[in-house]
file model.cif (mmCIF, C-alpha atoms)
data_model
loop_
_atom_site.group_PDB
_atom_site.id
_atom_site.type_symbol
_atom_site.label_atom_id
_atom_site.label_comp_id
_atom_site.auth_asym_id
_atom_site.auth_seq_id
_atom_site.Cartn_x
_atom_site.Cartn_y
_atom_site.Cartn_z
ATOM 1 C CA MET A 20 0.000 0.000 0.000
ATOM 2 C CA GLU A 21 1.314 3.410 -0.877
ATOM 3 C CA ILE A 22 1.823 5.992 1.830
ATOM 4 C CA THR A 23 -0.761 8.203 0.120
ATOM 5 C CA LYS A 24 -3.394 5.531 0.676
ATOM 6 C CA LEU A 25 -2.367 5.219 4.315
ATOM 7 C CA GLN A 26 -2.755 8.974 4.745
ATOM 8 C CA GLN A 27 -6.216 8.782 3.187
ATOM 9 C CA GLU A 28 -7.189 5.836 5.394
ATOM 10 C CA VAL A 29 -6.109 7.668 8.557
ATOM 11 C CA ASP A 30 -7.934 10.818 7.452
ATOM 12 C CA ALA A 31 -11.137 8.857 6.838
ATOM 13 C CA TRP A 32 -10.826 7.188 10.251
ATOM 14 C CA ILE A 33 -10.271 10.511 11.989
ATOM 15 C CA LYS A 34 -13.340 12.010 10.305
ATOM 16 C CA THR A 35 -15.634 9.054 11.028
ATOM 17 C CA VAL A 36 -14.405 7.539 14.289
ATOM 18 C CA GLY A 37 -11.897 9.939 15.797
ATOM 19 C CA VAL A 38 -14.181 12.998 15.523
ATOM 20 C CA ARG A 39 -11.294 15.370 14.699
ATOM 21 C CA TYR A 40 -7.511 15.608 14.720
ATOM 22 C CA PHE A 41 -5.833 16.526 17.972
ATOM 23 C CA ASN A 42 -3.893 19.739 17.467
ATOM 24 C CA GLU A 43 -0.353 19.543 16.133
ATOM 25 C CA LEU A 44 1.293 20.094 19.515
ATOM 26 C CA THR A 45 -0.773 17.338 21.114
ATOM 27 C CA ASN A 46 0.071 14.984 18.262
ATOM 28 C CA MET A 47 3.759 15.870 18.576
ATOM 29 C CA ALA A 48 3.629 15.000 22.272
ATOM 30 C CA MET A 49 1.819 11.760 21.429
ATOM 31 C CA LEU A 50 4.441 10.899 18.794
ATOM 32 C CA THR A 51 7.188 11.436 21.344
ATOM 33 C CA GLU A 52 5.367 9.179 23.792
ATOM 34 C CA GLU A 53 4.939 6.436 21.183
ATOM 35 C CA VAL A 54 8.597 6.620 20.127
ATOM 36 C CA GLY A 55 9.498 6.274 23.807
ATOM 37 C CA GLU A 56 7.452 3.075 24.007
ATOM 38 C CA VAL A 57 9.324 1.692 20.979
ATOM 39 C CA ALA A 58 12.626 2.684 22.576
ATOM 40 C CA ARG A 59 11.703 0.927 25.812
ATOM 41 C CA ILE A 60 10.973 -2.340 24.009
ATOM 42 C CA ILE A 61 14.144 -2.148 21.905
ATOM 43 C CA ALA A 62 16.352 -1.255 24.883
ATOM 44 C CA ARG A 63 15.050 -4.133 26.964
ATOM 45 C CA ARG A 64 14.454 -6.809 24.379
ATOM 46 C CA TYR A 65 17.463 -6.207 22.120
ATOM 47 C CA GLY A 66 19.696 -4.011 24.255
ATOM 48 C CA GLU A 67 21.470 -4.559 27.507
ATOM 49 C CA GLN A 68 18.685 -3.568 29.885
ATOM 50 C CA SER A 69 16.745 -6.382 31.495
ATOM 51 C CA GLU A 70 13.158 -6.798 30.385
ATOM 52 C CA LYS A 71 10.553 -6.549 33.109
ATOM 53 C CA GLU A 72 7.899 -9.247 33.185
ATOM 54 C CA SER A 73 5.258 -6.613 32.452
ATOM 55 C CA ASP A 74 7.134 -5.554 29.286
ATOM 56 C CA LYS A 75 7.405 -9.049 27.789
ATOM 57 C CA SER A 76 3.886 -8.923 26.391
ATOM 58 C CA LYS A 77 4.450 -5.587 24.635
ATOM 59 C CA ASP A 78 4.132 -5.876 20.857
ATOM 60 C CA LEU A 79 6.868 -3.994 18.996
ATOM 61 C CA GLY A 80 4.839 -4.039 15.782
ATOM 62 C CA GLU A 81 1.861 -2.477 17.519
ATOM 63 C CA GLU A 82 4.027 0.270 18.980
ATOM 64 C CA LEU A 83 5.660 0.970 15.599
ATOM 65 C CA ALA A 84 2.175 1.157 14.088
ATOM 66 C CA ASP A 85 1.253 3.747 16.737
ATOM 67 C CA VAL A 86 4.279 5.823 15.643
ATOM 68 C CA LEU A 87 3.201 5.492 12.011
ATOM 69 C CA PHE A 88 -0.405 6.439 12.780
ATOM 70 C CA VAL A 89 0.526 9.629 14.612
ATOM 71 C CA THR A 90 3.098 10.492 11.923
ATOM 72 C CA LEU A 91 0.371 10.132 9.298
ATOM 73 C CA CYS A 92 -1.922 12.362 11.368
ATOM 74 C CA LEU A 93 0.748 15.056 11.579
ATOM 75 C CA ALA A 94 1.387 14.830 7.841
ATOM 76 C CA ASN A 95 -2.309 15.133 7.077
ATOM 77 C CA GLN A 96 -2.935 18.111 9.285
ATOM 78 C CA THR A 97 0.165 19.997 8.096
ATOM 79 C CA GLY A 98 -0.395 19.300 4.387
ATOM 80 C CA VAL A 99 2.637 17.057 3.893
ATOM 81 C CA ASP A 100 2.507 14.498 1.091
ATOM 82 C CA LEU A 101 4.536 11.764 2.782
ATOM 83 C CA GLN A 102 4.750 9.639 -0.377
ATOM 84 C CA SER A 103 6.424 12.479 -2.250
ATOM 85 C CA ALA A 104 8.642 13.343 0.724
ATOM 86 C CA PHE A 105 9.668 9.697 1.142
ATOM 87 C CA ASP A 106 10.417 9.280 -2.561
ATOM 88 C CA LYS A 107 12.613 12.404 -2.489
ATOM 89 C CA LYS A 108 14.362 11.222 0.668
ATOM 90 C CA MET A 109 15.190 7.850 -0.901
ATOM 91 C CA ILE A 110 16.791 9.612 -3.879
ATOM 92 C CA VAL A 111 18.861 11.841 -1.591
ATOM 93 C CA LYS A 112 19.955 8.919 0.590
ATOM 94 C CA THR A 113 20.818 6.780 -2.435
ATOM 95 C CA GLU A 114 22.910 9.507 -4.036
ATOM 96 C CA ARG A 115 24.606 10.508 -0.785
ATOM 97 C CA ASP A 116 25.270 6.987 0.444
ATOM 98 C CA ALA A 117 25.938 5.255 -2.889
ATOM 99 C CA GLU A 118 29.440 4.262 -1.792
ATOM 100 C CA ARG A 119 29.621 5.455 1.797
ATOM 101 C CA HIS A 120 28.235 2.342 3.464
ATOM 102 C CA ALA A 121 29.980 -0.082 1.130
ATOM 103 C CA GLN A 122 33.296 1.510 2.047
ATOM 104 C CA ASN A 123 32.619 1.614 5.785
ATOM 105 C CA GLU A 124 34.948 -0.887 7.452
ATOM 106 C CA LYS A 125 32.680 -1.013 10.495
ATOM 107 C CA LEU A 126 29.940 -2.617 8.374
ATOM 108 C CA LYS A 127 32.086 -5.441 7.040
#

call {"tool": "encode", "arguments": {"input": "model.cif", "output": "structure tokens"}}
result
Amino acid sequence: MEITKLQQEVDAWIKTVGVRYFNELTNMAMLTEEVGEVARIIARRYGEQSEKESDKSKDLGEELADVLFVTLCLANQTGVDLQSAFDKKMIVKTERDAERHAQNEKLK
């Protein structure tokens, strides 16, 4: 599914179920909170911190989806076409990193 379709799906959900978008500052705070939940899972499950019993049932995919949802909300309410922005970013990254990573000794 293209990002554009995801943006449209989120917008339709907001307008039919969610009533309205939270304001941009609220959504930014929510995005920060959701990224923190992803960080907690990663740090404990894949990092060196021990995982609490209560954290073992946390679903990383669900938390990443929360980050995506709020990101799509912010894009919608600020008029950002994420598909176009992503496509441009991939071109920039490809041009900039065409040889950089292949020549990085740390990645071998």

call {"tool": "resolve_selection", "arguments": {"input": "model.cif", "expression": "the PyMOL selection byres ((chain A and resi 70-84) around 10)", "output": "ChimeraX atom specification"}}
result
/A:53-69,85-90

call {"tool": "resolve_selection", "arguments": {"input": "model.cif", "expression": "the PyMOL selection byres ((chain A and resi 27-42) around 10)", "output": "list of chain:residue names"}}
result
A:Ile22, A:Thr23, A:Lys24, A:Leu25, A:Gln26, A:Glu43, A:Leu44, A:Thr45, A:Asn46, A:Met47, A:Met49, A:Phe88, A:Val89, A:Leu91, A:Cys92, A:Leu93, A:Asn95, A:Gln96

call {"tool": "atom_distance", "arguments": {"input": "model.cif", "atom1": "atom CA of Ser103 of chain A", "atom2": "atom CA of Ala117 of chain A"}}
result
20.8 Å

call {"tool": "atom_distance", "arguments": {"input": "model.cif", "atom1": "atom CA of Thr113 of chain A", "atom2": "atom CA of Val99 of chain A"}}
result
21.8 Å

call {"tool": "atom_distance", "arguments": {"input": "model.cif", "atom1": "atom CA of Ala94 of chain A", "atom2": "atom CA of Ala48 of chain A"}}
result
14.6 Å
